$ cat upload-v4.txt   # compact mmCIF, C-alpha atoms
# COMPACT_ATOMS: atom_id res chain seq x y z
CA MET A 1 9.57 13.00 -18.80
CA ILE A 2 11.65 10.35 -17.11
CA ASN A 3 15.18 9.66 -18.25
CA TYR A 4 16.83 6.31 -18.03
CA PRO A 5 20.56 6.89 -18.32
CA ASN A 6 22.94 4.07 -19.22
CA GLY A 7 20.25 1.88 -20.66
CA LYS A 8 18.63 1.49 -17.22
CA ARG A 9 15.22 1.49 -18.75
CA GLN A 10 15.78 -1.80 -20.49
CA GLN A 11 17.07 -3.32 -17.30
CA LYS A 12 14.09 -2.00 -15.38
CA GLN A 13 11.60 -3.52 -17.78
CA LYS A 14 12.71 -6.96 -16.69
CA PHE A 15 11.61 -6.27 -13.12
CA ILE A 16 7.96 -5.66 -13.90
CA PRO A 17 5.32 -8.29 -14.51
CA ALA A 18 5.27 -9.41 -18.10
CA ASN A 19 1.64 -8.39 -18.49
CA LEU A 20 2.13 -4.79 -17.42
CA GLY A 21 3.75 -2.43 -19.90
CA MET A 22 6.31 -0.10 -18.41
CA ASP A 23 4.90 2.92 -20.28
CA PHE A 24 1.46 2.29 -18.81
CA GLU A 25 2.90 2.06 -15.31
CA VAL A 26 4.86 5.28 -15.80
CA ASP A 27 1.73 7.08 -17.06
CA ILE A 28 -0.33 5.89 -14.08
CA ASN A 29 2.39 6.97 -11.65
CA LEU A 30 2.63 10.40 -13.30
CA SER A 31 -1.15 10.76 -13.11
CA ASN A 32 -1.06 9.86 -9.40
CA SER A 33 1.70 12.44 -8.81
CA TYR A 34 -0.46 15.03 -10.56
CA TYR A 35 -3.51 14.11 -8.44
CA LEU A 36 -1.40 14.34 -5.28
CA GLU A 37 0.09 17.70 -6.24
CA LYS A 38 -3.31 19.15 -7.18
CA ASN A 39 -4.83 17.80 -3.96
CA VAL A 40 -7.36 15.66 -5.86
CA ALA A 41 -6.53 12.27 -4.33
CA ILE A 42 -3.79 10.31 -2.56
CA ILE A 43 -3.01 7.19 -4.56
CA HIS A 44 0.32 5.35 -4.53
CA LYS A 45 1.81 2.31 -6.16
CA LYS A 46 2.87 -0.20 -3.55
CA PRO A 47 6.54 -1.21 -3.60
CA THR A 48 7.34 -4.55 -5.22
CA PRO A 49 7.63 -7.14 -2.46
CA ILE A 50 11.14 -8.56 -2.15
CA GLN A 51 12.36 -11.59 -0.21
CA ILE A 52 15.66 -10.55 1.32
CA VAL A 53 18.16 -13.35 1.97
CA GLN A 54 21.52 -11.63 2.51
CA VAL A 55 22.51 -8.13 3.59
CA ASN A 56 26.01 -6.74 4.03
CA TYR A 57 26.91 -3.80 6.24
CA PRO A 58 30.08 -2.25 4.83
CA SER A 59 31.59 0.11 7.40
CA ARG A 60 30.50 3.74 6.99
CA ASN A 61 28.19 2.71 4.18
CA LYS A 62 24.52 1.95 4.07
CA ALA A 63 23.24 -1.60 4.18
CA LYS A 64 23.72 -3.43 0.88
CA ILE A 65 21.37 -6.22 -0.10
CA THR A 66 23.41 -8.87 -1.90
CA GLU A 67 20.86 -11.64 -2.32
CA ALA A 68 17.12 -11.18 -2.75
CA TYR A 69 14.25 -12.45 -4.88
CA PHE A 70 11.01 -11.03 -6.22
CA LYS A 71 7.88 -12.21 -4.43
CA THR A 72 4.39 -12.42 -5.89
CA PRO A 73 2.31 -9.53 -4.51
CA SER A 74 -0.60 -10.76 -2.37
CA THR A 75 -2.89 -7.91 -3.37
CA THR A 76 -2.94 -5.29 -6.15
CA ASP A 77 -0.42 -2.64 -7.18
CA TYR A 78 -2.31 0.55 -6.33
CA ASN A 79 -4.47 1.90 -3.53
CA GLY A 80 -5.43 5.17 -1.90
CA VAL A 81 -8.20 7.59 -0.98
CA TYR A 82 -10.39 9.77 -3.22
CA LYS A 83 -13.46 11.75 -2.10
CA GLY A 84 -13.46 9.80 1.16
CA LYS A 85 -13.54 6.47 -0.70
CA TYR A 86 -10.97 3.70 -0.50
CA LEU A 87 -9.68 2.93 -4.01
CA ASP A 88 -7.89 -0.29 -4.97
CA PHE A 89 -6.85 -1.42 -8.43
CA ASP A 90 -4.40 -3.14 -10.71
CA ALA A 91 -3.32 -2.31 -14.26
CA LYS A 92 -3.13 -4.71 -17.20
CA VAL A 93 -2.01 -4.42 -20.81
CA THR A 94 -3.01 -6.62 -23.71
CA SER A 95 -1.44 -6.82 -27.15
CA SER A 96 -4.47 -8.61 -28.52
CA LYS A 97 -6.74 -7.03 -31.13
CA THR A 98 -9.65 -9.33 -30.53
CA SER A 99 -10.11 -10.33 -26.89
CA PHE A 100 -8.82 -9.98 -23.34
CA PRO A 101 -8.00 -13.38 -21.74
CA TYR A 102 -9.38 -14.08 -18.27
CA SER A 103 -5.99 -15.59 -17.40
CA ASN A 104 -4.59 -12.03 -17.23
CA PHE A 105 -6.65 -11.51 -14.10
CA HIS A 106 -4.87 -13.29 -11.26
CA ASN A 107 -7.09 -15.20 -8.85
CA HIS A 108 -5.70 -13.53 -5.73
CA GLN A 109 -6.32 -10.08 -7.25
CA ILE A 110 -9.91 -10.97 -8.21
CA LYS A 111 -10.59 -12.26 -4.69
CA HIS A 112 -8.97 -9.20 -3.14
CA LEU A 113 -10.99 -6.72 -5.26
CA ILE A 114 -14.32 -8.50 -4.65
CA ASN A 115 -13.52 -8.30 -0.94
CA ILE A 116 -12.67 -4.59 -1.22
CA GLU A 117 -16.13 -3.86 -2.65
CA LYS A 118 -17.76 -5.84 0.17
CA HIS A 119 -16.02 -3.55 2.67
CA GLY A 120 -17.23 -0.39 0.92
CA GLY A 121 -14.16 0.32 -1.19
CA LEU A 122 -13.95 0.71 -4.97
CA GLY A 123 -12.19 -2.21 -6.68
CA PHE A 124 -11.39 -2.16 -10.39
CA PHE A 125 -8.85 -2.76 -13.15
CA LEU A 126 -7.32 -0.27 -15.58
CA ILE A 127 -6.90 -2.06 -18.90
CA LYS A 128 -4.85 -0.88 -21.85
CA TRP A 129 -5.47 -2.22 -25.36
CA LYS A 130 -2.04 -1.56 -26.83
CA VAL A 131 -3.03 -2.02 -30.47
CA TYR A 132 -5.84 0.54 -30.22
CA ASP A 133 -3.99 2.75 -27.71
CA GLU A 134 -7.18 2.77 -25.63
CA ILE A 135 -7.56 2.57 -21.85
CA TYR A 136 -10.64 1.40 -19.97
CA LEU A 137 -11.77 1.10 -16.37
CA ILE A 138 -13.63 -2.07 -15.52
CA LYS A 139 -15.34 -2.44 -12.13
CA ILE A 140 -14.70 -5.77 -10.46
CA ASN A 141 -18.43 -6.46 -10.09
CA ASP A 142 -19.08 -5.84 -13.80
CA LEU A 143 -16.16 -8.10 -14.67
CA MET A 144 -17.43 -10.89 -12.41
CA ASN A 145 -20.96 -10.62 -13.80
CA TYR A 146 -19.56 -11.09 -17.30
CA ILE A 147 -17.26 -13.96 -16.34
CA ASN A 148 -20.07 -15.76 -14.48
CA SER A 149 -22.59 -15.35 -17.31
CA ASN A 150 -20.74 -17.34 -19.96
CA THR A 151 -18.27 -20.18 -20.51
CA ARG A 152 -15.70 -18.24 -22.51
CA LYS A 153 -12.04 -17.90 -21.55
CA SER A 154 -11.70 -14.30 -22.68
CA ILE A 155 -13.70 -11.11 -23.28
CA PRO A 156 -14.11 -10.12 -26.94
CA TYR A 157 -13.13 -6.49 -27.61
CA GLU A 158 -16.70 -5.48 -28.51
CA ASP A 159 -18.11 -7.01 -25.31
CA PHE A 160 -15.31 -5.45 -23.29
CA LYS A 161 -16.27 -1.96 -24.44
CA LYS A 162 -19.86 -2.56 -23.31
CA ILE A 163 -19.00 -3.53 -19.73
CA SER A 164 -16.22 -1.01 -19.09
CA PHE A 165 -15.71 2.77 -19.09
CA PRO A 166 -13.34 4.55 -21.50
CA ILE A 167 -10.65 6.76 -19.95
CA LYS A 168 -9.60 10.03 -21.51
CA LYS A 169 -5.92 10.51 -22.18
CA GLY A 170 -4.28 13.89 -22.02
CA TYR A 171 -1.19 15.73 -20.98
CA LEU A 172 -1.96 16.45 -17.32
CA PRO A 173 -2.94 14.02 -16.02
CA ARG A 174 -1.85 11.50 -18.61
CA ILE A 175 -4.61 9.08 -17.71
CA ASN A 176 -7.56 10.86 -16.13
CA TYR A 177 -9.05 7.78 -14.48
CA LEU A 178 -10.58 9.65 -11.53
CA GLU A 179 -12.90 11.47 -13.93
CA THR A 180 -13.95 7.99 -15.10
CA ILE A 181 -14.37 6.86 -11.46
CA ASP A 182 -16.84 9.72 -10.95
CA ILE A 183 -18.93 8.37 -13.84
CA ALA A 184 -18.54 4.65 -13.11
CA TYR A 185 -19.36 5.01 -9.40
CA ASN A 186 -21.61 8.05 -9.65
CA LEU A 187 -19.43 10.19 -7.36
CA LYS A 188 -20.11 13.57 -9.00
CA MET B 1 3.63 -18.16 16.99
CA ILE B 2 6.26 -17.46 14.38
CA ASN B 3 9.52 -19.36 14.34
CA TYR B 4 12.78 -17.91 13.17
CA PRO B 5 15.04 -20.87 12.43
CA ASN B 6 18.82 -20.46 12.14
CA GLY B 7 18.92 -17.16 13.92
CA LYS B 8 17.01 -15.47 11.10
CA ARG B 9 15.14 -13.32 13.53
CA GLN B 10 18.24 -11.42 14.56
CA GLN B 11 19.15 -10.87 10.95
CA LYS B 12 15.64 -9.66 10.16
CA GLN B 13 15.65 -7.11 12.93
CA LYS B 14 18.35 -5.17 11.13
CA PHE B 15 16.04 -4.58 8.18
CA ILE B 16 13.35 -2.73 10.09
CA PRO B 17 13.44 0.92 11.12
CA ALA B 18 15.22 1.39 14.44
CA ASN B 19 12.14 2.97 15.98
CA LEU B 20 9.79 0.08 15.25
CA GLY B 21 10.11 -3.01 17.39
CA MET B 22 9.89 -6.27 15.53
CA ASP B 23 7.47 -7.77 18.09
CA PHE B 24 5.08 -4.86 17.63
CA GLU B 25 5.18 -5.24 13.86
CA VAL B 26 4.54 -8.98 14.14
CA ASP B 27 1.58 -8.38 16.48
CA ILE B 28 0.06 -5.79 14.13
CA ASN B 29 0.48 -8.11 11.14
CA LEU B 30 -1.14 -11.00 13.04
CA SER B 31 -4.03 -8.73 14.03
CA ASN B 32 -4.47 -7.69 10.39
CA SER B 33 -4.47 -11.36 9.31
CA TYR B 34 -7.14 -12.03 11.92
CA TYR B 35 -9.26 -9.09 10.72
CA LEU B 36 -8.92 -10.30 7.12
CA GLU B 37 -9.82 -13.88 7.98
CA LYS B 38 -12.84 -12.82 10.05
CA ASN B 39 -13.96 -10.45 7.30
CA VAL B 40 -13.71 -7.40 9.59
CA ALA B 41 -11.34 -5.26 7.50
CA ILE B 42 -8.69 -5.43 4.77
CA ILE B 43 -5.48 -3.87 6.05
CA HIS B 44 -2.00 -4.73 4.82
CA LYS B 45 1.53 -3.65 5.56
CA LYS B 46 3.16 -2.18 2.47
CA PRO B 47 6.34 -3.89 1.30
CA THR B 48 9.60 -2.14 2.20
CA PRO B 49 10.69 -0.08 -0.81
CA ILE B 50 13.95 -1.31 -2.32
CA GLN B 51 16.20 0.37 -4.90
CA ILE B 52 17.33 -2.41 -7.22
CA VAL B 53 20.68 -1.92 -8.93
CA GLN B 54 21.69 -5.33 -10.24
CA VAL B 55 19.75 -8.45 -11.16
CA ASN B 56 21.09 -11.74 -12.47
CA TYR B 57 19.08 -14.21 -14.50
CA PRO B 58 20.64 -17.64 -13.97
CA SER B 59 19.26 -20.03 -16.58
CA ARG B 60 16.28 -22.08 -15.44
CA ASN B 61 16.25 -20.14 -12.17
CA LYS B 62 14.29 -17.17 -11.00
CA ALA B 63 15.74 -13.70 -11.15
CA LYS B 64 18.29 -13.05 -8.39
CA ILE B 65 18.81 -9.55 -7.09
CA THR B 66 22.51 -9.15 -6.31
CA GLU B 67 22.72 -5.45 -5.48
CA ALA B 68 19.98 -3.39 -3.89
CA TYR B 69 19.48 -0.81 -1.15
CA PHE B 70 16.72 0.12 1.28
CA LYS B 71 14.80 3.27 0.39
CA THR B 72 12.98 5.56 2.79
CA PRO B 73 9.23 4.95 2.45
CA SER B 74 7.41 8.06 1.15
CA THR B 75 4.25 7.34 3.12
CA THR B 76 3.31 5.12 6.06
CA ASP B 77 3.59 1.38 6.59
CA TYR B 78 -0.08 0.37 6.75
CA ASN B 79 -3.29 1.14 4.89
CA GLY B 80 -6.60 -0.47 4.04
CA VAL B 81 -10.39 -0.31 4.26
CA TYR B 82 -12.66 -0.72 7.31
CA LYS B 83 -16.42 -0.03 7.40
CA GLY B 84 -16.10 1.79 4.08
CA LYS B 85 -13.39 4.09 5.47
CA TYR B 86 -9.85 4.47 4.18
CA LEU B 87 -7.39 3.77 7.04
CA ASP B 88 -3.74 4.85 7.03
CA PHE B 89 -1.24 4.59 9.86
CA ASP B 90 2.26 3.98 11.07
CA ALA B 91 3.51 2.23 14.21
CA LYS B 92 6.12 3.53 16.66
CA VAL B 93 7.76 2.15 19.77
CA THR B 94 9.41 4.11 22.55
CA SER B 95 11.66 2.80 25.31
CA SER B 96 11.18 5.99 27.31
CA LYS B 97 9.34 6.01 30.64
CA THR B 98 8.71 9.72 30.68
CA SER B 99 7.95 11.18 27.25
CA PHE B 100 7.53 10.47 23.53
CA PRO B 101 9.87 12.63 21.38
CA TYR B 102 8.35 14.48 18.42
CA SER B 103 11.41 13.43 16.42
CA ASN B 104 9.97 9.90 16.24
CA PHE B 105 7.27 11.26 13.96
CA HIS B 106 8.83 11.73 10.53
CA ASN B 107 7.84 14.89 8.70
CA HIS B 108 6.76 13.11 5.52
CA GLN B 109 4.50 10.79 7.56
CA ILE B 110 2.91 13.70 9.44
CA LYS B 111 2.24 15.53 6.15
CA HIS B 112 0.87 12.38 4.56
CA LEU B 113 -1.52 11.62 7.47
CA ILE B 114 -2.82 15.22 7.67
CA ASN B 115 -3.51 14.98 3.94
CA ILE B 116 -5.29 11.63 4.40
CA GLU B 117 -7.73 13.21 6.87
CA LYS B 118 -8.38 16.09 4.43
CA HIS B 119 -9.44 13.53 1.84
CA GLY B 120 -11.86 11.81 4.22
CA GLY B 121 -9.58 9.00 5.38
CA LEU B 122 -8.57 8.12 8.95
CA GLY B 123 -4.91 8.93 9.69
CA PHE B 124 -3.29 7.92 12.98
CA PHE B 125 -0.32 6.36 14.76
CA LEU B 126 -0.20 3.22 16.89
CA ILE B 127 2.27 3.88 19.71
CA LYS B 128 3.78 1.30 22.03
CA TRP B 129 5.29 2.30 25.36
CA LYS B 130 7.64 -0.63 25.82
CA VAL B 131 8.37 -0.06 29.50
CA TYR B 132 4.67 -0.06 30.41
CA ASP B 133 3.72 -2.63 27.76
CA GLU B 134 0.89 -0.29 26.73
CA ILE B 135 -0.37 0.53 23.26
CA TYR B 136 -2.28 3.68 22.26
CA LEU B 137 -3.93 5.05 19.14
CA ILE B 138 -3.36 8.76 18.51
CA LYS B 139 -5.30 10.54 15.79
CA ILE B 140 -3.15 12.77 13.59
CA ASN B 141 -5.37 15.80 14.30
CA ASP B 142 -5.10 15.34 18.07
CA LEU B 143 -1.34 14.96 17.75
CA MET B 144 -1.05 18.14 15.66
CA ASN B 145 -3.23 20.12 18.08
CA TYR B 146 -0.90 19.12 20.89
CA ILE B 147 2.30 19.84 18.97
CA ASN B 148 1.01 23.24 17.83
CA SER B 149 -0.12 24.29 21.31
CA ASN B 150 3.27 24.23 23.03
CA THR B 151 6.99 24.61 22.47
CA ARG B 152 8.06 21.23 23.84
CA LYS B 153 10.05 18.67 21.88
CA SER B 154 8.24 15.64 23.27
CA ILE B 155 4.92 14.56 24.81
CA PRO B 156 5.08 13.66 28.51
CA TYR B 157 3.55 10.26 29.29
CA GLU B 158 0.70 11.78 31.34
CA ASP B 159 -0.20 14.22 28.53
CA PHE B 160 0.07 11.44 25.98
CA LYS B 161 -2.57 9.36 27.76
CA LYS B 162 -4.96 12.33 27.71
CA ILE B 163 -4.81 12.89 23.94
CA SER B 164 -4.78 9.25 22.81
CA PHE B 165 -6.92 6.13 23.09
CA PRO B 166 -5.75 2.96 24.88
CA ILE B 167 -5.83 -0.28 22.86
CA LYS B 168 -6.82 -3.58 24.43
CA LYS B 169 -4.41 -6.44 23.99
CA GLY B 170 -5.56 -10.01 23.79
CA TYR B 171 -4.99 -13.30 22.09
CA LEU B 172 -7.09 -12.89 18.93
CA PRO B 173 -6.54 -10.30 17.71
CA ARG B 174 -3.35 -9.46 19.52
CA ILE B 175 -3.91 -5.73 19.22
CA ASN B 176 -7.59 -4.91 18.81
CA TYR B 177 -7.06 -1.44 17.34
CA LEU B 178 -10.24 -1.48 15.22
CA GLU B 179 -12.31 -1.56 18.40
CA THR B 180 -10.38 1.56 19.41
CA ILE B 181 -11.00 3.11 15.97
CA ASP B 182 -14.74 2.69 16.56
CA ILE B 183 -14.42 4.74 19.76
CA ALA B 184 -11.91 7.31 18.51
CA TYR B 185 -13.81 8.04 15.28
CA ASN B 186 -17.30 7.24 16.56
CA LEU B 187 -17.91 4.48 14.00
CA LYS B 188 -20.14 2.27 16.16

$ encode --input "upload-v4.txt" --output "structure tokens"
Amino acid sequence: MINYPNGKRQQKQKFIPANLGMDFEVDINLSNSYYLEKNVAIIHKKPTPIQIVQVNYPSRNKAKITEAYFKTPSTTDYNGVYKGKYLDFDAKVTSSKTSFPYSNFHNHQIKHLINIEKHGGLGFFLIKWKVYDEIYLIKINDLMNYINSNTRKSIPYEDFKKISFPIKKGYLPRINYLETIDIAYNLK
Amino acid sequence: MINYPNGKRQQKQKFIPANLGMDFEVDINLSNSYYLEKNVAIIHKKPTPIQIVQVNYPSRNKAKITEAYFKTPSTTDYNGVYKGKYLDFDAKVTSSKTSFPYSNFHNHQIKHLINIEKHGGLGFFLIKWKVYDEIYLIKINDLMNYINSNTRKSIPYEDFKKISFPIKKGYLPRINYLETIDIAYNLK
């Protein structure tokens, strides 16, 4: 488990996008570390992009950034390689009981993931329904088919379950989404 | 061309690793933008990882990072997808006329790229010989074969040319390394 001494955890929560729960991110990162260690796949979270404005160079010390701002990522948070395939995805959390709003999917991420599939990669979202403590994998193409086939602004929970794949939770890895990838993309 | 008003370019150069010329990085990024725009491949530079220590939240303004430090990246600078293949690489510049020192290849990057190839991805370095204004692509496996077959601490220029692939320079893209990938990995 990860410790956050001196209340650092609370501080850290402010740095992450409002729609992504910190616990979910930690669980995905731990799962990726497990996959890496067990030689299953190489998947990393990309660093948060930062716009650096001012850096000081105190003598004998390492460079200290004294003014910087968060930038909006131009792609998704995670990518890597699994069974020779390029994987690319983002993670989202909803607190809703009833439906997942389309607005949670950012336009630049949708465009990026559609493009990934066109180039032979696997593009998808990992979605956590906090209230049910359930995690699903939804392929970008399945998501787009749903969005394009109706005039809604969100996906009702029951519909969501039909167009996505449930992910098993466990101890190691916490979130076994590669097992779900095998099923969703027929990689067995 | 990219403008750096108010001497920002000089300031920016301090942020990048000493062994990677800023011009080379700019040229690679412009080539990747070209590939993306022309729908050839999706390859991005990962953001520089930053350790954030202190953030202020001035009212009505966006979060301002007031204390942060550069972290050593755990992988390489670039990855993406091309012709269904996972690509992963780093870029290095040498000012030497005679040989490229092994010490320019960081251990964690070597390990990472070897691992990438084991998982079916393409792992390589783009190397610029500044004095000759020449750029080469060297596959991680070819590099390791060379390193493991002798007791030297660097690769002489003449040997280097034998185990790597020259990259054409041009206007668009600046550095046409995907054309070289086709040859090096037989992807035509």

$ interface_residues --input "upload-v4.txt" --of "chain A" --to "chain B" --cutoff "7 Å" --atoms "only C-alpha atoms" --output "list in words"
Ala41, Lys46, Pro47, Thr48, Pro49, Ala63, Lys64, Ile65, Thr66, Glu67, Ala68, Tyr69, Val81, Tyr82, Lys83, Gly84, Lys85, Tyr86, His119, Gly120 and Gly121 of chain A

$ atom_distance --input "upload-v4.txt" --atom1 "atom CA of B:Ser103" --atom2 "atom CA of B:Leu137"
17.7 Å

$ atom_distance --input "upload-v4.txt" --atom1 "atom CA of B:Ile163" --atom2 "atom CA of B:Asp142"
6.4 Å

$ atom_distance --input "upload-v4.txt" --atom1 "atom CA of B:Gly21" --atom2 "atom CA of B:Ser95"
9.9 Å

$ residues_around --input "upload-v4.txt" --residues "A:Ser154" --least-positions-apart "2" --cutoff "12 Å" --atoms "all atoms listed in the file" --output "NGL selection string"
:A and (94 or 96 or 98-105 or 143 or 146-148 or 150-152 or 156-160)

$ axis_aligned_box --input "upload-v4.txt" --around "stretch 64-68 of chain B" --padding-each-side "8 Å" --output "JSON"
{"center_x": 20.5, "center_y": -8.2, "center_z": -6.1, "size_x": 20.4, "size_y": 25.7, "size_z": 20.5}
